[in-house]
Amino acid sequence: MAFSSTSSLPVMKQTKPDAERTLLNAVEDRYGGVKVDVEDSMDCNDYVSLLRDSITQWRKQGKKGVWIKLPIHLANLVEPTVKEGFRYHHAESDYLMLVYWIPETPDTLPANASHTVGIGAFVVNDNREVLVVQEKNGAFKGKDVWKFPTGVANQGEDICKAAIREVKEETDIDTEFVEILAFSQTHQTFYGKSDLFFVCMLRPLSSDINKQDSEIEAAQWMPIEEYVAQPFNQKHESFKNIANICLRKSRRNYTGFSAVPMASSSGKKSYSYFNKLQLENETTN
(Lines give C-alpha, C1' and ligand atoms only; values in the text may rest on other atoms or scores of the structure.)
Protein backbone atom coordinates (compact mmCIF):
# COMPACT_ATOMS: atom_id res chain seq x y z
CA MET A 1 0.00 0.00 0.00
CA ALA A 2 1.23 3.52 -0.69
CA PHE A 3 0.61 6.39 1.65
CA SER A 4 3.42 8.68 0.55
CA SER A 5 2.83 11.83 -1.43
CA THR A 6 4.22 15.27 -1.84
CA SER A 7 0.86 16.82 -2.69
CA SER A 8 -0.87 18.36 0.30
CA LEU A 9 -4.43 19.54 0.35
CA PRO A 10 -4.75 23.00 1.90
CA VAL A 11 -7.18 23.51 4.73
CA MET A 12 -10.45 24.06 2.89
CA LYS A 13 -13.41 26.10 3.96
CA GLN A 14 -17.01 25.65 2.97
CA THR A 15 -19.42 28.49 3.39
CA LYS A 16 -22.84 27.99 4.97
CA PRO A 17 -25.28 30.72 5.90
CA ASP A 18 -23.59 32.76 8.63
CA ALA A 19 -20.91 30.11 9.21
CA GLU A 20 -17.64 28.69 7.99
CA ARG A 21 -16.53 25.11 8.45
CA THR A 22 -12.88 24.05 8.62
CA LEU A 23 -12.03 20.59 7.33
CA LEU A 24 -9.47 18.04 8.45
CA ASN A 25 -5.99 18.49 7.02
CA ALA A 26 -5.27 15.77 4.48
CA VAL A 27 -2.61 14.59 2.07
CA GLU A 28 -3.46 13.08 -1.29
CA ASP A 29 -2.21 9.57 -2.00
CA ARG A 30 -1.28 8.16 -5.39
CA TYR A 31 -4.54 6.31 -5.88
CA GLY A 32 -7.13 9.04 -5.69
CA GLY A 33 -7.58 8.94 -1.95
CA VAL A 34 -6.51 10.98 1.06
CA LYS A 35 -4.56 10.37 4.23
CA VAL A 36 -5.24 12.15 7.50
CA ASP A 37 -2.83 12.20 10.44
CA VAL A 38 -4.74 13.37 13.48
CA GLU A 39 -2.21 14.70 15.96
CA ASP A 40 -3.95 17.23 18.21
CA SER A 41 -6.45 16.45 20.92
CA MET A 42 -9.98 17.65 20.31
CA ASP A 43 -13.51 17.25 21.56
CA CYS A 44 -15.23 14.19 20.11
CA ASN A 45 -18.23 16.19 18.90
CA ASP A 46 -15.98 18.72 17.16
CA TYR A 47 -14.01 15.88 15.59
CA VAL A 48 -17.12 14.15 14.25
CA SER A 49 -18.34 17.42 12.74
CA LEU A 50 -14.99 17.95 11.02
CA LEU A 51 -14.94 14.36 9.79
CA ARG A 52 -18.45 14.53 8.32
CA ASP A 53 -17.78 17.83 6.57
CA SER A 54 -14.47 16.52 5.25
CA ILE A 55 -16.03 13.38 3.79
CA THR A 56 -18.72 15.47 2.13
CA GLN A 57 -16.05 17.64 0.50
CA TRP A 58 -13.89 14.67 -0.52
CA ARG A 59 -16.91 12.99 -2.07
CA LYS A 60 -17.56 16.13 -4.16
CA GLN A 61 -13.91 16.07 -5.22
CA GLY A 62 -14.18 12.46 -6.36
CA LYS A 63 -11.84 11.07 -3.73
CA LYS A 64 -11.90 7.35 -3.08
CA GLY A 65 -10.18 5.86 -0.06
CA VAL A 66 -9.70 7.72 3.23
CA TRP A 67 -6.94 6.68 5.63
CA ILE A 68 -7.11 8.08 9.16
CA LYS A 69 -4.17 7.53 11.48
CA LEU A 70 -5.00 7.91 15.16
CA PRO A 71 -2.08 7.90 17.64
CA ILE A 72 -2.54 5.99 20.84
CA HIS A 73 -3.06 9.15 22.90
CA LEU A 74 -6.18 9.87 20.81
CA ALA A 75 -7.79 6.48 21.40
CA ASN A 76 -10.96 8.32 22.46
CA LEU A 77 -11.55 9.16 18.78
CA VAL A 78 -11.58 5.53 17.63
CA GLU A 79 -15.20 4.80 18.52
CA PRO A 80 -16.67 7.93 16.86
CA THR A 81 -14.59 7.22 13.75
CA VAL A 82 -15.95 3.68 13.53
CA LYS A 83 -19.48 4.96 14.00
CA GLU A 84 -18.99 7.14 10.92
CA GLY A 85 -18.40 4.02 8.82
CA PHE A 86 -14.65 3.52 9.13
CA ARG A 87 -13.12 0.11 9.77
CA TYR A 88 -9.84 -1.03 11.28
CA HIS A 89 -7.03 -1.60 8.81
CA HIS A 90 -3.97 -2.22 10.96
CA ALA A 91 -2.36 -1.21 14.22
CA GLU A 92 1.18 -0.66 15.46
CA SER A 93 2.42 -0.07 18.99
CA ASP A 94 1.71 3.66 18.83
CA TYR A 95 -1.19 4.12 16.38
CA LEU A 96 -4.31 2.67 14.77
CA MET A 97 -5.08 3.05 11.05
CA LEU A 98 -8.74 3.21 9.99
CA VAL A 99 -10.07 3.31 6.43
CA TYR A 100 -13.23 4.34 4.59
CA TRP A 101 -14.24 3.87 0.95
CA ILE A 102 -16.25 6.82 -0.34
CA PRO A 103 -17.63 5.95 -3.81
CA GLU A 104 -20.41 3.44 -4.42
CA THR A 105 -18.05 1.14 -6.28
CA PRO A 106 -16.19 -2.01 -5.17
CA ASP A 107 -13.73 -1.21 -2.39
CA THR A 108 -10.19 -1.59 -3.75
CA LEU A 109 -8.23 -0.50 -0.68
CA PRO A 110 -5.30 -2.90 -0.17
CA ALA A 111 -5.57 -5.34 2.71
CA ASN A 112 -3.25 -5.26 5.68
CA ALA A 113 0.09 -7.07 5.41
CA SER A 114 -0.66 -10.78 5.08
CA HIS A 115 2.70 -12.42 5.89
CA THR A 116 5.39 -12.54 8.50
CA VAL A 117 8.98 -13.30 7.42
CA GLY A 118 10.82 -15.96 9.38
CA ILE A 119 14.40 -17.17 9.08
CA GLY A 120 16.25 -20.33 10.01
CA ALA A 121 20.06 -20.08 10.17
CA PHE A 122 22.17 -22.97 8.88
CA VAL A 123 25.59 -22.11 10.32
CA VAL A 124 28.25 -24.68 9.39
CA ASN A 125 31.96 -24.51 10.19
CA ASP A 126 35.00 -25.96 8.39
CA ASN A 127 34.67 -29.19 10.40
CA ARG A 128 31.16 -29.69 8.94
CA GLU A 129 29.61 -29.03 12.33
CA VAL A 130 26.33 -27.16 12.43
CA LEU A 131 25.25 -24.67 15.10
CA VAL A 132 22.12 -25.95 16.85
CA VAL A 133 20.01 -24.94 19.82
CA GLN A 134 17.29 -26.26 22.10
CA GLU A 135 14.58 -23.77 23.04
CA LYS A 136 13.09 -23.05 26.44
CA ASN A 137 9.73 -22.00 24.99
CA GLY A 138 7.49 -22.62 22.02
CA ALA A 139 6.62 -25.73 20.06
CA PHE A 140 9.99 -27.42 20.65
CA LYS A 141 10.10 -26.95 24.41
CA GLY A 142 11.01 -30.20 26.17
CA LYS A 143 11.15 -32.28 22.97
CA ASP A 144 14.91 -32.86 23.00
CA VAL A 145 15.15 -31.57 19.43
CA TRP A 146 18.24 -29.79 18.21
CA LYS A 147 17.29 -27.14 15.66
CA PHE A 148 18.70 -24.16 13.80
CA PRO A 149 18.53 -20.73 15.40
CA THR A 150 15.31 -19.16 14.13
CA GLY A 151 13.45 -15.90 14.39
CA VAL A 152 11.38 -13.25 12.63
CA ALA A 153 12.67 -10.37 10.54
CA ASN A 154 11.90 -6.96 12.00
CA GLN A 155 10.09 -4.29 10.03
CA GLY A 156 12.50 -2.79 7.51
CA GLU A 157 15.11 -5.51 8.12
CA ASP A 158 16.68 -7.44 5.24
CA ILE A 159 16.48 -11.23 5.35
CA CYS A 160 20.26 -11.62 5.24
CA LYS A 161 20.72 -9.22 8.14
CA ALA A 162 17.90 -10.79 10.17
CA ALA A 163 19.63 -14.16 9.97
CA ILE A 164 22.91 -12.69 11.23
CA ARG A 165 21.12 -10.88 14.07
CA GLU A 166 19.17 -13.93 15.23
CA VAL A 167 22.29 -16.11 15.41
CA LYS A 168 24.11 -13.43 17.39
CA GLU A 169 21.19 -12.98 19.80
CA GLU A 170 20.69 -16.70 20.50
CA THR A 171 24.29 -17.94 20.54
CA ASP A 172 26.61 -14.91 20.45
CA ILE A 173 28.25 -16.35 17.32
CA ASP A 174 29.33 -13.79 14.71
CA THR A 175 28.52 -14.80 11.14
CA GLU A 176 28.43 -13.63 7.56
CA PHE A 177 25.59 -14.37 5.17
CA VAL A 178 26.25 -16.85 2.34
CA GLU A 179 22.98 -17.86 0.64
CA ILE A 180 19.29 -18.56 0.92
CA LEU A 181 19.03 -22.33 0.49
CA ALA A 182 15.25 -22.73 0.47
CA PHE A 183 12.02 -21.10 1.56
CA SER A 184 8.52 -22.22 2.40
CA GLN A 185 5.08 -20.65 2.75
CA THR A 186 2.55 -21.72 5.38
CA HIS A 187 -0.83 -20.30 6.30
CA GLN A 188 -2.87 -19.64 9.43
CA THR A 189 0.22 -19.40 11.63
CA PHE A 190 0.22 -16.36 13.92
CA TYR A 191 -3.22 -14.80 14.44
CA GLY A 192 -4.33 -15.95 11.01
CA LYS A 193 -1.32 -14.58 9.14
CA SER A 194 0.69 -16.53 6.59
CA ASP A 195 4.40 -17.08 7.00
CA LEU A 196 7.34 -17.01 4.60
CA PHE A 197 10.25 -18.93 6.11
CA PHE A 198 13.76 -18.64 4.64
CA VAL A 199 16.53 -21.12 5.36
CA CYS A 200 19.76 -19.14 5.24
CA MET A 201 23.31 -20.45 5.17
CA LEU A 202 25.82 -18.45 7.18
CA ARG A 203 29.56 -18.77 7.69
CA PRO A 204 30.74 -18.53 11.32
CA LEU A 205 33.33 -15.88 12.17
CA SER A 206 33.68 -17.03 15.76
CA SER A 207 33.25 -20.35 17.57
CA ASP A 208 32.70 -19.79 21.31
CA ILE A 209 29.01 -20.12 22.15
CA ASN A 210 27.40 -17.91 24.78
CA LYS A 211 23.72 -18.86 24.71
CA GLN A 212 20.82 -16.48 25.30
CA ASP A 213 19.59 -17.59 28.73
CA SER A 214 16.09 -16.13 28.38
CA GLU A 215 15.15 -18.25 25.32
CA ILE A 216 17.77 -20.95 24.75
CA GLU A 217 18.08 -24.06 26.92
CA ALA A 218 21.24 -25.33 25.27
CA ALA A 219 23.45 -24.69 22.23
CA GLN A 220 26.30 -26.61 20.63
CA TRP A 221 28.21 -27.47 17.47
CA MET A 222 26.92 -30.81 16.14
CA PRO A 223 28.24 -32.97 13.27
CA ILE A 224 25.89 -32.36 10.37
CA GLU A 225 25.20 -36.06 9.82
CA GLU A 226 24.08 -36.33 13.44
CA TYR A 227 21.78 -33.32 12.98
CA VAL A 228 20.21 -34.81 9.87
CA ALA A 229 19.72 -38.21 11.51
CA GLN A 230 17.60 -36.89 14.40
CA PRO A 231 14.31 -38.85 14.57
CA PHE A 232 12.30 -35.61 14.44
CA ASN A 233 13.95 -34.57 11.18
CA GLN A 234 13.44 -37.99 9.63
CA LYS A 235 9.80 -38.19 10.72
CA HIS A 236 8.60 -34.81 9.42
CA GLU A 237 8.85 -34.28 5.66
CA SER A 238 9.50 -30.56 5.66
CA PHE A 239 12.32 -30.85 8.22
CA LYS A 240 13.76 -33.87 6.40
CA ASN A 241 13.89 -31.98 3.11
CA ILE A 242 15.62 -28.99 4.68
CA ALA A 243 18.11 -31.22 6.51
CA ASN A 244 18.97 -33.02 3.27
CA ILE A 245 19.40 -29.73 1.40
CA CYS A 246 21.81 -28.54 4.08
CA LEU A 247 23.65 -31.84 3.96
CA ARG A 248 24.08 -31.55 0.19
CA LYS A 249 25.22 -27.96 0.58
CA SER A 250 27.87 -29.04 3.08
CA ARG A 251 29.12 -31.47 0.41
CA ARG A 252 29.11 -28.67 -2.19
CA ASN A 253 26.36 -30.36 -4.21
CA TYR A 254 23.80 -27.58 -3.96
CA THR A 255 23.66 -23.91 -4.88
CA GLY A 256 21.34 -21.40 -3.28
CA PHE A 257 20.49 -17.74 -3.79
CA SER A 258 23.08 -15.07 -3.03
CA ALA A 259 22.16 -11.64 -1.65
CA VAL A 260 22.90 -9.05 -4.32
CA PRO A 261 22.58 -5.34 -3.41
CA MET A 262 20.26 -3.45 -5.74
CA ALA A 263 18.70 -0.03 -6.11
CA SER A 264 15.07 0.33 -7.13
CA SER A 265 13.82 2.78 -9.76
CA SER A 266 13.05 5.18 -6.92
CA GLY A 267 16.57 4.89 -5.54
CA LYS A 268 15.76 2.70 -2.53
CA LYS A 269 18.47 0.23 -1.59
CA SER A 270 17.48 -3.41 -1.25
CA TYR A 271 18.65 -6.95 -1.91
CA SER A 272 17.71 -9.37 -4.67
CA TYR A 273 18.34 -13.08 -4.11
CA PHE A 274 19.29 -15.32 -7.02
CA ASN A 275 21.80 -17.88 -8.26
CA LYS A 276 24.53 -15.35 -8.90
CA LEU A 277 27.24 -17.91 -9.70
CA GLN A 278 25.26 -19.62 -12.45
CA LEU A 279 24.19 -16.28 -13.90
CA GLU A 280 27.78 -15.05 -14.01
CA ASN A 281 28.97 -18.30 -15.60
CA GLU A 282 26.31 -18.14 -18.31
CA THR A 283 27.07 -14.49 -18.97
CA THR A 284 30.79 -15.22 -19.28
CA ASN A 285 30.22 -18.15 -21.60
# chains A, B, ... in the order shown; residues from 1 in each chain; ligands from 1
$ closest_atom_pairs --of "stretch 143-180 of chain A" --to "stretch 184-196 of chain A" --cutoff "12 Å" --atoms "only C-alpha atoms" --output "Markdown table"
| residue | atom | partner | partner_atom | distance |
| --- | --- | --- | --- | --- |
| A:Gly151 | CA | A:Leu196 | CA | 11.6 |
| A:Val152 | CA | A:Leu196 | CA | 9.8 |
| A:Ala153 | CA | A:Leu196 | CA | 10.4 |
| A:Ile159 | CA | A:Leu196 | CA | 10.8 |
| A:Ile180 | CA | A:Ser184 | CA | 11.5 |
$ closest_residue --among "A:Glu179, A:Glu166, A:Asp107, A:Asp158" --to "A:Lys211" --atoms "only C-alpha atoms"
A:Glu166
$ select_by_dssp --residues "stretch 187-268 of chain A" --states "helix (DSSP H, G or I)" --output "list in words"
Ile224, Glu225, Glu226, Tyr227, Val228, Pro231, Phe232, Asn233, Gln234, Lys235, Glu237, Ser238, Phe239, Lys240, Asn241, Ile242, Ala243, Asn244, Ile245, Cys246, Leu247, Arg248, Lys249 and Ser250 of chain A
$ select_by_dssp --residues "stretch 56-211 of chain A" --states "strand (DSSP E)" --output "PyMOL selection string"
chain A and resi 65-71+87-92+95-101+115-123+129-135+150-152+175-186+194-204
$ closest_residue --among "A:Glu79, A:Leu70, A:Gln212, A:Pro103" --to "A:Glu135" --atoms "only C-alpha atoms"
A:Gln212
$ residues_around --residues "A:Ala259" --least-positions-apart "3" --cutoff "9 Å" --atoms "only C-alpha atoms" --output "short mmCIF file (atom, residue, chain, number, x, y, z; two decimals) with all heavy atoms, in the first residue's frame"
data_model
loop_
_atom_site.label_atom_id
_atom_site.label_comp_id
_atom_site.auth_asym_id
_atom_site.auth_seq_id
_atom_site.Cartn_x
_atom_site.Cartn_y
_atom_site.Cartn_z
N CYS A 160 18.87 -11.23 4.95
CA CYS A 160 20.26 -11.62 5.24
C CYS A 160 20.74 -11.04 6.57
O CYS A 160 21.46 -11.71 7.32
CB CYS A 160 21.17 -11.18 4.10
SG CYS A 160 21.05 -9.44 3.62
N PHE A 177 26.62 -13.73 5.99
CA PHE A 177 25.59 -14.37 5.17
C PHE A 177 26.22 -14.97 3.92
O PHE A 177 27.08 -14.36 3.28
CB PHE A 177 24.53 -13.35 4.79
CG PHE A 177 23.41 -13.90 3.95
CD1 PHE A 177 22.32 -14.51 4.55
CD2 PHE A 177 23.46 -13.82 2.57
CE1 PHE A 177 21.29 -15.02 3.78
CE2 PHE A 177 22.44 -14.32 1.79
CZ PHE A 177 21.34 -14.92 2.39
N VAL A 178 25.76 -16.19 3.55
CA VAL A 178 26.25 -16.85 2.34
C VAL A 178 25.13 -16.93 1.29
O VAL A 178 25.25 -16.36 0.21
CB VAL A 178 26.79 -18.26 2.64
CG1 VAL A 178 27.27 -18.93 1.35
CG2 VAL A 178 27.93 -18.20 3.65
N GLU A 179 24.05 -17.63 1.62
CA GLU A 179 22.98 -17.86 0.64
C GLU A 179 21.66 -18.15 1.32
O GLU A 179 21.62 -18.56 2.49
CB GLU A 179 23.31 -19.07 -0.25
CG GLU A 179 24.46 -18.91 -1.18
CD GLU A 179 24.78 -20.20 -1.91
OE1 GLU A 179 24.39 -21.29 -1.43
OE2 GLU A 179 25.42 -20.13 -2.97
N ILE A 180 20.58 -17.96 0.59
CA ILE A 180 19.29 -18.56 0.92
C ILE A 180 19.25 -19.92 0.25
O ILE A 180 19.42 -20.03 -0.97
CB ILE A 180 18.11 -17.69 0.45
CG1 ILE A 180 18.00 -16.42 1.29
CG2 ILE A 180 16.80 -18.48 0.52
CD1 ILE A 180 16.89 -15.47 0.84
N TYR A 271 17.92 -5.78 -1.46
CA TYR A 271 18.65 -6.95 -1.91
C TYR A 271 17.76 -7.79 -2.81
O TYR A 271 16.56 -7.95 -2.55
CB TYR A 271 19.09 -7.82 -0.73
CG TYR A 271 20.23 -7.23 0.08
CD1 TYR A 271 19.98 -6.42 1.17
CD2 TYR A 271 21.56 -7.51 -0.26
CE1 TYR A 271 21.03 -5.88 1.91
CE2 TYR A 271 22.61 -6.98 0.48
CZ TYR A 271 22.33 -6.16 1.57
OH TYR A 271 23.36 -5.63 2.29
N SER A 272 18.35 -8.33 -3.88
CA SER A 272 17.71 -9.37 -4.67
C SER A 272 18.46 -10.67 -4.40
O SER A 272 19.68 -10.66 -4.17
CB SER A 272 17.75 -9.04 -6.16
OG SER A 272 16.93 -7.94 -6.46
N TYR A 273 17.74 -11.79 -4.42
CA TYR A 273 18.34 -13.08 -4.11
C TYR A 273 18.20 -13.99 -5.33
O TYR A 273 17.08 -14.27 -5.78
CB TYR A 273 17.66 -13.70 -2.89
CG TYR A 273 17.80 -12.86 -1.63
CD1 TYR A 273 16.89 -11.85 -1.35
CD2 TYR A 273 18.85 -13.07 -0.74
CE1 TYR A 273 17.01 -11.06 -0.20
CE2 TYR A 273 18.98 -12.31 0.41
CZ TYR A 273 18.07 -11.30 0.67
OH TYR A 273 18.20 -10.53 1.80
N PHE A 274 19.33 -14.43 -5.87
CA PHE A 274 19.29 -15.32 -7.02
C PHE A 274 20.60 -16.09 -7.12
O PHE A 274 21.56 -15.83 -6.38
CB PHE A 274 19.01 -14.55 -8.32
CG PHE A 274 19.94 -13.39 -8.58
CD1 PHE A 274 21.17 -13.59 -9.21
CD2 PHE A 274 19.59 -12.09 -8.23
CE1 PHE A 274 22.03 -12.53 -9.46
CE2 PHE A 274 20.43 -11.02 -8.49
CZ PHE A 274 21.66 -11.24 -9.10
N LYS A 276 23.58 -16.29 -8.30
CA LYS A 276 24.53 -15.35 -8.90
C LYS A 276 25.64 -16.08 -9.65
O LYS A 276 26.05 -15.66 -10.75
CB LYS A 276 25.13 -14.47 -7.80
CG LYS A 276 26.11 -13.43 -8.30
CD LYS A 276 26.67 -12.62 -7.13
CE LYS A 276 27.68 -11.60 -7.61
NZ LYS A 276 28.27 -10.84 -6.48
#
$ closest_residue --among "A:Ala91, A:Val145, A:Leu131, A:Met262" --to "A:Ser207" --atoms "only C-alpha atoms"
A:Leu131
$ residues_around --residues "stretch 242-244 of chain A" --least-positions-apart "4" --cutoff "7 Å" --atoms "only C-alpha atoms" --output "list in words"
Val228, Ser238 and Arg248 of chain A
$ residues_around --residues "A:Ser54" --least-positions-apart "5" --cutoff "9 Å" --atoms "only C-alpha atoms" --output "list of chain:residue names"
A:Met12, A:Thr22, A:Leu23, A:Leu24, A:Asn25, A:Ser49, A:Arg59
$ atom_distance --atom1 "atom CA of A:Leu96" --atom2 "atom CA of A:Pro80"
13.6 Å
$ closest_residue --among "A:Leu181, A:Ile119, A:Met42, A:Leu205" --to "A:Asn253" --atoms "only C-alpha atoms"
A:Leu181
$ closest_residue --among "A:Asp213, A:Val123, A:Phe232, A:Ala163" --to "A:Leu247" --atoms "only C-alpha atoms"
A:Val123
